[in-house]
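> What follows is final39.cif, made up of mmCIF, C-alpha atoms:
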data_coords
#
loop_
_atom_site.label_atom_id
_atom_site.label_comp_id
_atom_site.auth_asym_id
_atom_site.auth_seq_id
_atom_site.Cartn_x
_atom_site.Cartn_y
_atom_site.Cartn_z
CA MET A 19 -10.87 -1.63 -12.68
CA SER A 20 -7.59 0.27 -12.45
CA ARG A 21 -7.35 3.62 -10.74
CA THR A 22 -8.00 6.64 -12.98
CA PHE A 23 -6.93 10.18 -12.16
CA ILE A 24 -8.40 13.04 -14.15
CA ALA A 25 -6.70 16.42 -13.81
CA VAL A 26 -9.12 19.21 -14.68
CA PHE A 27 -7.78 22.46 -16.09
CA GLY A 28 -9.60 25.56 -17.24
CA LEU A 29 -10.15 29.23 -16.76
CA LYS A 30 -12.36 30.46 -13.94
CA ALA A 31 -16.08 29.77 -14.60
CA SER A 32 -15.27 27.52 -17.56
CA GLY A 33 -17.07 24.51 -16.04
CA LYS A 34 -14.41 22.67 -14.00
CA THR A 35 -16.63 22.25 -10.95
CA PHE A 36 -19.61 21.18 -13.05
CA PHE A 37 -17.38 18.58 -14.73
CA SER A 38 -16.09 17.32 -11.37
CA ASN A 39 -19.54 17.19 -9.78
CA TYR A 40 -20.94 15.38 -12.82
CA LEU A 41 -18.28 12.67 -12.48
CA HIS A 42 -18.93 12.47 -8.76
CA ASP A 43 -22.68 12.06 -9.28
CA LYS A 44 -22.62 9.72 -12.28
CA TYR A 45 -19.37 7.77 -11.73
CA ASP A 46 -18.86 7.99 -7.96
CA ALA A 47 -15.62 9.90 -8.48
CA LYS A 48 -13.76 11.36 -5.55
CA ILE A 49 -13.08 15.07 -6.05
CA LEU A 50 -9.79 16.38 -4.75
CA TYR A 51 -9.69 20.18 -4.59
CA LEU A 52 -5.93 20.70 -4.69
CA SER A 53 -5.88 24.50 -4.61
CA ARG A 54 -8.28 24.58 -1.66
CA MET A 55 -6.12 22.07 0.21
CA LEU A 56 -3.05 24.23 -0.41
CA GLU A 57 -4.86 27.36 0.74
CA GLN A 58 -6.03 25.62 3.93
CA LYS A 59 -2.54 24.34 4.63
CA LEU A 60 -1.08 27.83 4.31
CA ASN A 61 -3.84 29.31 6.46
CA ALA A 62 -3.31 26.67 9.14
CA CYS A 63 0.45 27.05 9.39
CA SER A 64 0.97 30.73 8.78
CA THR A 65 -0.33 34.12 9.73
CA PRO A 66 -3.94 35.19 9.19
CA ASP A 67 -2.87 36.47 5.78
CA GLY A 68 -2.06 32.94 4.60
CA PHE A 69 -4.41 33.26 1.67
CA ALA A 70 -2.67 36.47 0.62
CA LYS A 71 0.67 34.64 0.79
CA TYR A 72 -0.75 31.82 -1.33
CA SER A 73 -2.02 34.33 -3.90
CA GLU A 74 1.36 36.03 -3.91
CA LEU A 75 3.10 32.71 -4.62
CA LYS A 76 0.66 32.11 -7.46
CA LEU A 77 1.28 35.52 -8.96
CA LYS A 78 5.04 35.05 -8.78
CA ASN A 79 4.60 31.69 -10.53
CA ILE A 80 6.64 29.88 -7.86
CA SER A 81 6.49 26.10 -8.08
CA ARG A 82 3.77 24.62 -5.91
CA ILE A 83 5.47 21.22 -5.73
CA PRO A 84 7.06 21.82 -2.30
CA MET A 85 3.62 22.80 -0.99
CA ILE A 86 1.98 19.78 -2.61
CA GLN A 87 4.59 17.56 -0.95
CA THR A 88 3.46 18.82 2.46
CA LEU A 89 -0.03 17.51 1.65
CA GLU A 90 1.11 13.99 0.75
CA ASN A 91 -0.57 12.25 3.72
CA ASP A 92 -3.77 14.26 3.25
CA ILE A 93 -3.86 13.41 -0.45
CA ILE A 94 -3.26 9.71 0.20
CA ALA A 95 -6.06 9.69 2.78
CA GLU A 96 -8.41 11.38 0.33
CA ILE A 97 -7.73 9.13 -2.65
CA ASN A 98 -6.88 5.82 -1.02
CA GLU A 99 -10.13 3.97 -1.62
CA ASN A 100 -11.28 5.52 -4.89
CA ASP A 101 -10.90 4.08 -8.38
CA LEU A 102 -11.82 7.35 -10.07
CA VAL A 103 -10.33 10.58 -8.75
CA VAL A 104 -10.93 14.02 -10.25
CA ILE A 105 -8.32 16.57 -9.26
CA GLU A 106 -9.41 20.15 -9.57
CA GLY A 107 -6.88 22.91 -9.06
CA PHE A 108 -3.90 21.84 -11.13
CA LEU A 109 -2.24 24.85 -12.68
CA SER A 110 0.68 23.41 -14.60
CA ASN A 111 2.11 20.34 -16.23
CA ASP A 112 4.52 20.18 -13.25
CA ASP A 113 1.58 19.48 -10.94
CA CYS A 114 0.55 16.53 -13.14
CA LYS A 115 4.12 15.33 -13.49
CA TYR A 116 4.50 15.25 -9.70
CA PHE A 117 1.33 13.16 -9.31
CA ASN A 118 2.33 10.83 -12.13
CA GLU A 119 5.75 10.17 -10.63
CA HIS A 120 5.04 10.37 -6.91
CA PHE A 121 1.74 8.50 -6.79
CA ASN A 122 2.61 6.20 -9.69
CA VAL A 123 -0.46 7.13 -11.70
CA ASN A 124 -1.15 8.56 -15.10
CA CYS A 125 -3.22 11.72 -14.84
CA ILE A 126 -5.55 12.16 -17.78
CA LYS A 127 -5.51 15.88 -18.51
CA VAL A 128 -8.85 17.43 -19.43
CA LEU A 129 -9.16 21.10 -20.29
CA ILE A 130 -12.55 22.73 -20.04
CA SER A 131 -12.45 25.37 -22.73
CA ASN A 132 -14.81 28.24 -23.16
CA SER A 133 -13.60 31.01 -25.37
CA ASP A 134 -16.66 33.18 -24.80
CA PHE A 135 -15.78 35.58 -21.98
CA ASN A 136 -19.40 36.74 -21.65
CA ILE A 137 -20.67 33.22 -20.96
CA ARG A 138 -18.04 32.79 -18.24
CA LEU A 139 -18.86 36.24 -16.87
CA GLU A 140 -22.56 35.38 -16.59
CA ARG A 141 -21.78 32.09 -14.83
CA PHE A 142 -19.38 33.78 -12.45
CA CYS A 143 -21.84 36.56 -11.56
CA ASN A 144 -24.63 34.03 -10.98
CA ARG A 145 -22.43 31.79 -8.85
CA HIS A 146 -20.92 34.45 -6.62
CA ASN A 147 -23.46 37.30 -6.68
CA TYR A 148 -20.78 39.60 -8.05
CA GLU A 149 -21.49 42.95 -9.60
CA LYS A 150 -20.57 42.85 -13.27
CA ASP A 151 -17.62 45.28 -13.04
CA SER A 152 -16.06 43.40 -10.10
CA ALA A 153 -16.56 40.10 -11.87
CA ILE A 154 -14.92 41.37 -15.05
CA THR A 155 -11.86 42.44 -13.07
CA GLU A 156 -11.74 39.12 -11.18
CA LEU A 157 -11.98 37.03 -14.36
CA GLN A 158 -9.46 39.14 -16.26
CA ASN A 159 -6.95 38.92 -13.39
CA ASP A 160 -7.43 35.16 -13.08
CA ASP A 161 -7.08 34.70 -16.85
CA LEU A 162 -3.80 36.64 -16.80
CA PHE A 163 -2.54 34.62 -13.85
CA ARG A 164 -3.35 31.27 -15.50
CA ILE A 165 -1.71 32.33 -18.75
CA LYS A 166 1.37 33.38 -16.80
CA ALA A 167 1.31 30.05 -14.93
CA GLY A 168 1.48 28.14 -18.21
CA TYR A 169 -2.14 27.75 -19.33
CA THR A 170 -1.14 27.77 -23.00
CA ILE A 171 1.45 25.04 -22.42
CA VAL A 172 -1.04 22.98 -20.42
CA LYS A 173 -3.65 23.38 -23.15
CA ALA A 174 -1.22 22.06 -25.75
CA GLY A 175 -0.50 18.98 -23.64
CA CYS A 176 -4.04 18.01 -22.67
CA ASP A 177 -5.42 14.61 -23.52
CA TYR A 178 -8.94 15.98 -24.04
CA ILE A 179 -10.38 19.45 -24.57
CA ILE A 180 -14.08 20.06 -24.04
CA ASP A 181 -15.75 23.15 -25.44
CA ASN A 182 -18.25 24.29 -22.83
CA SER A 183 -19.72 27.23 -24.70
CA LYS A 184 -22.92 25.46 -25.68
CA THR A 185 -25.76 23.86 -23.69
CA THR A 186 -25.51 21.82 -20.51
CA ASP A 187 -26.73 18.76 -22.43
CA ASN A 188 -23.96 19.24 -24.98
CA PHE A 189 -21.38 19.52 -22.20
CA GLU A 190 -22.67 16.36 -20.50
CA ASN A 191 -22.53 14.49 -23.83
CA LYS A 192 -18.89 15.56 -24.28
CA ILE A 193 -18.08 14.32 -20.76
CA GLU A 194 -19.73 10.98 -21.54
CA GLU A 195 -17.69 10.67 -24.76
CA ILE A 196 -14.47 11.14 -22.81
CA MET A 197 -15.51 8.64 -20.16
CA LYS A 198 -16.23 6.04 -22.86
CA MET A 199 -12.84 6.70 -24.48
CA ILE A 200 -11.00 6.13 -21.21
CA GLY A 201 -13.07 3.06 -20.39
CA GLU A 202 -15.02 4.26 -17.35
CA THR A 203 -18.58 3.12 -16.74
CA ARG A 204 -21.31 4.66 -14.64
CA VAL A 205 -22.11 3.28 -11.21
#
Kindly present the structure from the file in structure tokens form.


Amino acid sequence: MSRTFIAVFGLKASGKTFFSNYLHDKYDAKILYLSRMLEQKLNACSTPDGFAKYSELKLKNISRIPMIQTLENDIIAEINENDLVVIEGFLSNDDCKYFNEHFNVNCIKVLISNSDFNIRLERFCNRHNYEKDSAITELQNDDLFRIKAGYTIVKAGCDYIIDNSKTTDNFENKIEEIMKMIGETRV
């Protein structure tokens, strides 16, 4: 079997982590949390406000490629032995392009779509024990950031888009359809 990389995109609380965990559980996929790795790198090599600096870079829409390059050895160590790798935390087509060119792979781009803000809000509140007003602000700010970072462009260039506004069973069936189309089999 050849190595498959799946880049997962989506708004906050759209189902990216569920998707990744499902592939880990059913297909033995390695999950690479790119944004978390970048945050940890900044925290490790900067001041205690490293996360704030990372957020500031995100808000200014500065290319993350130089930061991703600093993680090259960590990324190689994480993905070296896995045939199926799910990468969560891509924000732009540039992130995918870098992986495609630098690691000589073809990232399959999957967007988890959920147009219903209230469904995402409920998931987010349940996951993080947020008060509703705080969660609304958090989701709205993240939505604006992702749109500014090129979410619409990414959406247009995705290989697969899954609507996750229905039941969990429906979402799992959509994941299985994609896995069949790309030729992956369960372990």

> How close does each residue of segment 73-173 of chain A get to segment 31-50 of chain A, giving the shortest atom pair and distance in Å to one decimal for every residue with an atom at most 8 Å away, counting all atoms listed in the file, sorted by chain and residue number, as a tab-separated table?


residue	atom	partner	partner_atom	distance
A:Ile93	CA	A:Leu50	CA	7.9
A:Glu96	CA	A:Leu50	CA	7.3
A:Ile97	CA	A:Lys48	CA	7.1
A:Asn100	CA	A:Lys48	CA	6.4
A:Asp101	CA	A:Ala47	CA	7.5
A:Leu102	CA	A:Ala47	CA	4.8
A:Val103	CA	A:Lys48	CA	4.8
A:Val104	CA	A:Ile49	CA	4.8
A:Ile105	CA	A:Leu50	CA	4.7
A:Glu106	CA	A:Leu50	CA	6.1
A:Ile130	CA	A:Ser32	CA	6.0
A:Ser131	CA	A:Ser32	CA	6.3
A:Asn132	CA	A:Ser32	CA	5.7
A:Arg138	CA	A:Ala31	CA	5.1
A:Leu139	CA	A:Ala31	CA	7.4
A:Arg141	CA	A:Ala31	CA	6.2
A:Phe142	CA	A:Ala31	CA	5.6

> Okay, now the selection with C-alpha atoms, as a compact mmCIF listing (two decimals), keeping the file's coordinate frame?


# COMPACT_ATOMS: atom_id res chain seq x y z
CA ILE A 93 -3.86 13.41 -0.45
CA GLU A 96 -8.41 11.38 0.33
CA ILE A 97 -7.73 9.13 -2.65
CA ASN A 100 -11.28 5.52 -4.89
CA ASP A 101 -10.90 4.08 -8.38
CA LEU A 102 -11.82 7.35 -10.07
CA VAL A 103 -10.33 10.58 -8.75
CA VAL A 104 -10.93 14.02 -10.25
CA ILE A 105 -8.32 16.57 -9.26
CA GLU A 106 -9.41 20.15 -9.57
CA ILE A 130 -12.55 22.73 -20.04
CA SER A 131 -12.45 25.37 -22.73
CA ASN A 132 -14.81 28.24 -23.16
CA ARG A 138 -18.04 32.79 -18.24
CA LEU A 139 -18.86 36.24 -16.87
CA ARG A 141 -21.78 32.09 -14.83
CA PHE A 142 -19.38 33.78 -12.45

> So that all listed atoms of segment 49-54 of chain A fit with 5 Å spare on each side, what axis-aligned box centre and edge lengths in Å, to one decimal, would you give as lines of an AutoDock Vina configuration file?


center_x = -9.5
center_y = 19.8
center_z = -3.9
size_x = 17.2
size_y = 19.5
size_z = 14.4

> Please compute the atom CA of Gly175 of chain A-atom CA of Arg54 of chain A distance, one decimal, in Å.

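So the two atoms, atom CA of Gly175 of chain A and atom CA of Arg54 of chain A, lie 24.0 Å apart.
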
> Go through A:Leu157, A:Ile126, A:Leu29, A:Cys114 one by one, measure the shortest atom-to-atom distance of each to Asn182 of chain A using all atoms listed in the file, and give the residue with the smallest value.

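Smallest distance to Asn182 of chain A is found for A:Leu29.
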
> Can you pull out every residue within 10 Å of Leu129 of chain A, counting all atoms listed in the file, but drop anything in the same chain fewer than 5 positions away, and send it as a list of chain:residue names?

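The filter keeps A:Ala25, A:Val26, A:Phe27, A:Gly28, A:Leu29, A:Ser32, A:Gly33, A:Lys34, A:Tyr169, A:Val172, A:Lys173, A:Ala174, A:Gly175, A:Cys176, A:Asp177, A:Tyr178, A:Ile179, A:Ile180, A:Asp181, A:Asn182.
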
> For the selection just defined, write its residues with C-alpha atoms to a file, as a JSON list (two decimals), in the frame of the given file.


[["chain", "number", "residue", "atom", "x", "y", "z"],
["A", 25, "ALA", "CA", -6.70, 16.42, -13.81],
["A", 26, "VAL", "CA", -9.12, 19.21, -14.68],
["A", 27, "PHE", "CA", -7.78, 22.46, -16.09],
["A", 28, "GLY", "CA", -9.60, 25.56, -17.24],
["A", 29, "LEU", "CA", -10.15, 29.23, -16.76],
["A", 32, "SER", "CA", -15.27, 27.52, -17.56],
["A", 33, "GLY", "CA", -17.07, 24.51, -16.04],
["A", 34, "LYS", "CA", -14.41, 22.67, -14.00],
["A", 169, "TYR", "CA", -2.14, 27.75, -19.33],
["A", 172, "VAL", "CA", -1.04, 22.98, -20.42],
["A", 173, "LYS", "CA", -3.65, 23.38, -23.15],
["A", 174, "ALA", "CA", -1.22, 22.06, -25.75],
["A", 175, "GLY", "CA", -0.50, 18.98, -23.64],
["A", 176, "CYS", "CA", -4.04, 18.01, -22.67],
["A", 177, "ASP", "CA", -5.42, 14.61, -23.52],
["A", 178, "TYR", "CA", -8.94, 15.98, -24.04],
["A", 179, "ILE", "CA", -10.38, 19.45, -24.57],
["A", 180, "ILE", "CA", -14.08, 20.06, -24.04],
["A", 181, "ASP", "CA", -15.75, 23.15, -25.44],
["A", 182, "ASN", "CA", -18.25, 24.29, -22.83]]

> So, counting all atoms listed in the file, which residue among A:Asn122, A:Ile171, A:Lys59, A:Tyr51 is closest to Ser110 of chain A?

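Smallest distance to Ser110 of chain A is found for A:Ile171.
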
> Hey, which of A:Leu109, A:Leu56, A:Met199, A:Leu89 ends up closest to Gly168 of chain A? Count only C-alpha atoms.

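Closest to Gly168 of chain A, using only C-alpha atoms: A:Leu109.
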
> In Å, how far is it from atom CA of Ile86 of chain A to atom CA of Glu156 of chain A?

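Here the two named atoms are 25.2 Å from each other.
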
> Please evaluate the PyMOL selection byres ((chain A and resi 202) around 10) against the displayed coordinates and give the resulting residues as a ChimeraX atom specification.

/A:19-20,22,45,101-102,194,196-201,203-205

> Identify which of the residues A:Gln58, A:Lys192, A:Glu140, A:Leu52 lies closest to Val128 of chain A, counting all atoms listed in the file when measuring atom-to-atom distances.

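Closest residue, counting all atoms listed in the file: A:Lys192.
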
> What's the separation between atom CA of Glu119 of chain A and atom CA of Asn91 of chain A, in Å to one decimal place?

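The value is 15.8 Å.
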
> Could you check which of A:Pro84, A:Asn144, A:Gly107, A:Phe121 is closest to Met55 of chain A, using all atoms listed in the file?

A:Gly107

> Name the closest residue to Ala153 of chain A among the candidates A:Phe117, A:Phe189, A:Phe23, A:Phe135; distances are taken between atoms, counting all atoms listed in the file.

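Residue with the minimum atom-to-atom distance to Ala153 of chain A: A:Phe135.
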
> Start from the incomplete input, build all heavy atoms for segment 186-197 of chain A, and deliver everything as a PDB file, in the coordinates of the input.


ATOM      1  N   THR A 186     -25.890  22.778 -21.546  1.00  0.00           N
ATOM      2  CA  THR A 186     -25.510  21.820 -20.510  1.00  0.00           C
ATOM      3  C   THR A 186     -25.580  20.396 -21.063  1.00  0.00           C
ATOM      4  O   THR A 186     -24.691  19.581 -20.799  1.00  0.00           O
ATOM      5  CB  THR A 186     -26.436  21.966 -19.281  1.00  0.00           C
ATOM      6  OG1 THR A 186     -26.309  23.294 -18.778  1.00  0.00           O
ATOM      7  CG2 THR A 186     -26.075  20.972 -18.198  1.00  0.00           C
ATOM      8  N   ASP A 187     -26.614  20.094 -21.831  1.00  0.00           N
ATOM      9  CA  ASP A 187     -26.730  18.760 -22.430  1.00  0.00           C
ATOM     10  C   ASP A 187     -25.539  18.451 -23.320  1.00  0.00           C
ATOM     11  O   ASP A 187     -25.006  17.338 -23.299  1.00  0.00           O
ATOM     12  CB  ASP A 187     -28.025  18.627 -23.246  1.00  0.00           C
ATOM     13  CG  ASP A 187     -29.261  18.488 -22.376  1.00  0.00           C
ATOM     14  OD1 ASP A 187     -29.117  18.170 -21.172  1.00  0.00           O
ATOM     15  OD2 ASP A 187     -30.376  18.701 -22.899  1.00  0.00           O
ATOM     16  N   ASN A 188     -25.117  19.428 -24.109  1.00  0.00           N
ATOM     17  CA  ASN A 188     -23.960  19.240 -24.980  1.00  0.00           C
ATOM     18  C   ASN A 188     -22.717  18.960 -24.157  1.00  0.00           C
ATOM     19  O   ASN A 188     -21.924  18.073 -24.489  1.00  0.00           O
ATOM     20  CB  ASN A 188     -23.772  20.481 -25.859  1.00  0.00           C
ATOM     21  CG  ASN A 188     -22.586  20.356 -26.787  1.00  0.00           C
ATOM     22  OD1 ASN A 188     -21.470  20.733 -26.418  1.00  0.00           O
ATOM     23  ND2 ASN A 188     -22.828  19.840 -27.978  1.00  0.00           N
ATOM     24  N   PHE A 189     -22.528  19.695 -23.079  1.00  0.00           N
ATOM     25  CA  PHE A 189     -21.380  19.520 -22.200  1.00  0.00           C
ATOM     26  C   PHE A 189     -21.398  18.122 -21.574  1.00  0.00           C
ATOM     27  O   PHE A 189     -20.383  17.415 -21.556  1.00  0.00           O
ATOM     28  CB  PHE A 189     -21.378  20.615 -21.127  1.00  0.00           C
ATOM     29  CG  PHE A 189     -20.131  20.673 -20.280  1.00  0.00           C
ATOM     30  CD1 PHE A 189     -18.868  20.546 -20.841  1.00  0.00           C
ATOM     31  CD2 PHE A 189     -20.224  20.891 -18.919  1.00  0.00           C
ATOM     32  CE1 PHE A 189     -17.719  20.626 -20.054  1.00  0.00           C
ATOM     33  CE2 PHE A 189     -19.087  20.977 -18.124  1.00  0.00           C
ATOM     34  CZ  PHE A 189     -17.840  20.840 -18.697  1.00  0.00           C
ATOM     35  N   GLU A 190     -22.552  17.699 -21.089  1.00  0.00           N
ATOM     36  CA  GLU A 190     -22.670  16.360 -20.500  1.00  0.00           C
ATOM     37  C   GLU A 190     -22.369  15.279 -21.534  1.00  0.00           C
ATOM     38  O   GLU A 190     -21.717  14.279 -21.219  1.00  0.00           O
ATOM     39  CB  GLU A 190     -24.068  16.168 -19.906  1.00  0.00           C
ATOM     40  CG  GLU A 190     -24.299  16.994 -18.665  1.00  0.00           C
ATOM     41  CD  GLU A 190     -25.712  16.912 -18.123  1.00  0.00           C
ATOM     42  OE1 GLU A 190     -26.606  16.349 -18.822  1.00  0.00           O
ATOM     43  OE2 GLU A 190     -25.941  17.418 -17.005  1.00  0.00           O
ATOM     44  N   ASN A 191     -22.830  15.468 -22.764  1.00  0.00           N
ATOM     45  CA  ASN A 191     -22.530  14.490 -23.830  1.00  0.00           C
ATOM     46  C   ASN A 191     -21.030  14.403 -24.088  1.00  0.00           C
ATOM     47  O   ASN A 191     -20.494  13.314 -24.305  1.00  0.00           O
ATOM     48  CB  ASN A 191     -23.281  14.843 -25.117  1.00  0.00           C
ATOM     49  CG  ASN A 191     -24.771  14.591 -25.015  1.00  0.00           C
ATOM     50  OD1 ASN A 191     -25.222  13.774 -24.205  1.00  0.00           O
ATOM     51  ND2 ASN A 191     -25.549  15.303 -25.805  1.00  0.00           N
ATOM     52  N   LYS A 192     -20.353  15.550 -24.073  1.00  0.00           N
ATOM     53  CA  LYS A 192     -18.890  15.560 -24.280  1.00  0.00           C
ATOM     54  C   LYS A 192     -18.184  14.831 -23.130  1.00  0.00           C
ATOM     55  O   LYS A 192     -17.219  14.098 -23.354  1.00  0.00           O
ATOM     56  CB  LYS A 192     -18.367  17.001 -24.386  1.00  0.00           C
ATOM     57  CG  LYS A 192     -18.910  17.779 -25.546  1.00  0.00           C
ATOM     58  CD  LYS A 192     -18.312  17.311 -26.832  1.00  0.00           C
ATOM     59  CE  LYS A 192     -18.788  18.194 -27.974  1.00  0.00           C
ATOM     60  NZ  LYS A 192     -18.350  17.722 -29.256  1.00  0.00           N
ATOM     61  N   ILE A 193     -18.657  15.029 -21.908  1.00  0.00           N
ATOM     62  CA  ILE A 193     -18.080  14.320 -20.760  1.00  0.00           C
ATOM     63  C   ILE A 193     -18.261  12.814 -20.938  1.00  0.00           C
ATOM     64  O   ILE A 193     -17.321  12.041 -20.738  1.00  0.00           O
ATOM     65  CB  ILE A 193     -18.719  14.794 -19.437  1.00  0.00           C
ATOM     66  CG1 ILE A 193     -18.400  16.269 -19.180  1.00  0.00           C
ATOM     67  CG2 ILE A 193     -18.244  13.929 -18.268  1.00  0.00           C
ATOM     68  CD1 ILE A 193     -19.200  16.891 -18.035  1.00  0.00           C
ATOM     69  N   GLU A 194     -19.451  12.409 -21.338  1.00  0.00           N
ATOM     70  CA  GLU A 194     -19.730  10.980 -21.540  1.00  0.00           C
ATOM     71  C   GLU A 194     -18.833  10.390 -22.631  1.00  0.00           C
ATOM     72  O   GLU A 194     -18.354   9.257 -22.500  1.00  0.00           O
ATOM     73  CB  GLU A 194     -21.209  10.762 -21.882  1.00  0.00           C
ATOM     74  CG  GLU A 194     -22.150  10.971 -20.719  1.00  0.00           C
ATOM     75  CD  GLU A 194     -21.948   9.991 -19.571  1.00  0.00           C
ATOM     76  OE1 GLU A 194     -21.430   8.870 -19.787  1.00  0.00           O
ATOM     77  OE2 GLU A 194     -22.292  10.360 -18.437  1.00  0.00           O
ATOM     78  N   GLU A 195     -18.584  11.151 -23.692  1.00  0.00           N
ATOM     79  CA  GLU A 195     -17.690  10.670 -24.760  1.00  0.00           C
ATOM     80  C   GLU A 195     -16.293  10.410 -24.212  1.00  0.00           C
ATOM     81  O   GLU A 195     -15.674   9.385 -24.533  1.00  0.00           O
ATOM     82  CB  GLU A 195     -17.615  11.703 -25.897  1.00  0.00           C
ATOM     83  CG  GLU A 195     -18.864  11.803 -26.739  1.00  0.00           C
ATOM     84  CD  GLU A 195     -18.804  12.948 -27.749  1.00  0.00           C
ATOM     85  OE1 GLU A 195     -17.693  13.445 -28.048  1.00  0.00           O
ATOM     86  OE2 GLU A 195     -19.882  13.352 -28.237  1.00  0.00           O
ATOM     87  N   ILE A 196     -15.797  11.316 -23.388  1.00  0.00           N
ATOM     88  CA  ILE A 196     -14.470  11.140 -22.810  1.00  0.00           C
ATOM     89  C   ILE A 196     -14.455   9.916 -21.889  1.00  0.00           C
ATOM     90  O   ILE A 196     -13.523   9.107 -21.932  1.00  0.00           O
ATOM     91  CB  ILE A 196     -14.024  12.403 -22.046  1.00  0.00           C
ATOM     92  CG1 ILE A 196     -13.705  13.513 -23.046  1.00  0.00           C
ATOM     93  CG2 ILE A 196     -12.825  12.124 -21.148  1.00  0.00           C
ATOM     94  CD1 ILE A 196     -13.414  14.855 -22.419  1.00  0.00           C
ATOM     95  N   MET A 197     -15.471   9.771 -21.089  1.00  0.00           N
ATOM     96  CA  MET A 197     -15.510   8.640 -20.160  1.00  0.00           C
ATOM     97  C   MET A 197     -15.531   7.307 -20.912  1.00  0.00           C
ATOM     98  O   MET A 197     -14.897   6.347 -20.492  1.00  0.00           O
ATOM     99  CB  MET A 197     -16.699   8.767 -19.206  1.00  0.00           C
ATOM    100  CG  MET A 197     -16.631  10.021 -18.322  1.00  0.00           C
ATOM    101  SD  MET A 197     -15.047  10.248 -17.484  1.00  0.00           S
ATOM    102  CE  MET A 197     -15.163   8.991 -16.228  1.00  0.00           C
TER     103      MET A 197
END
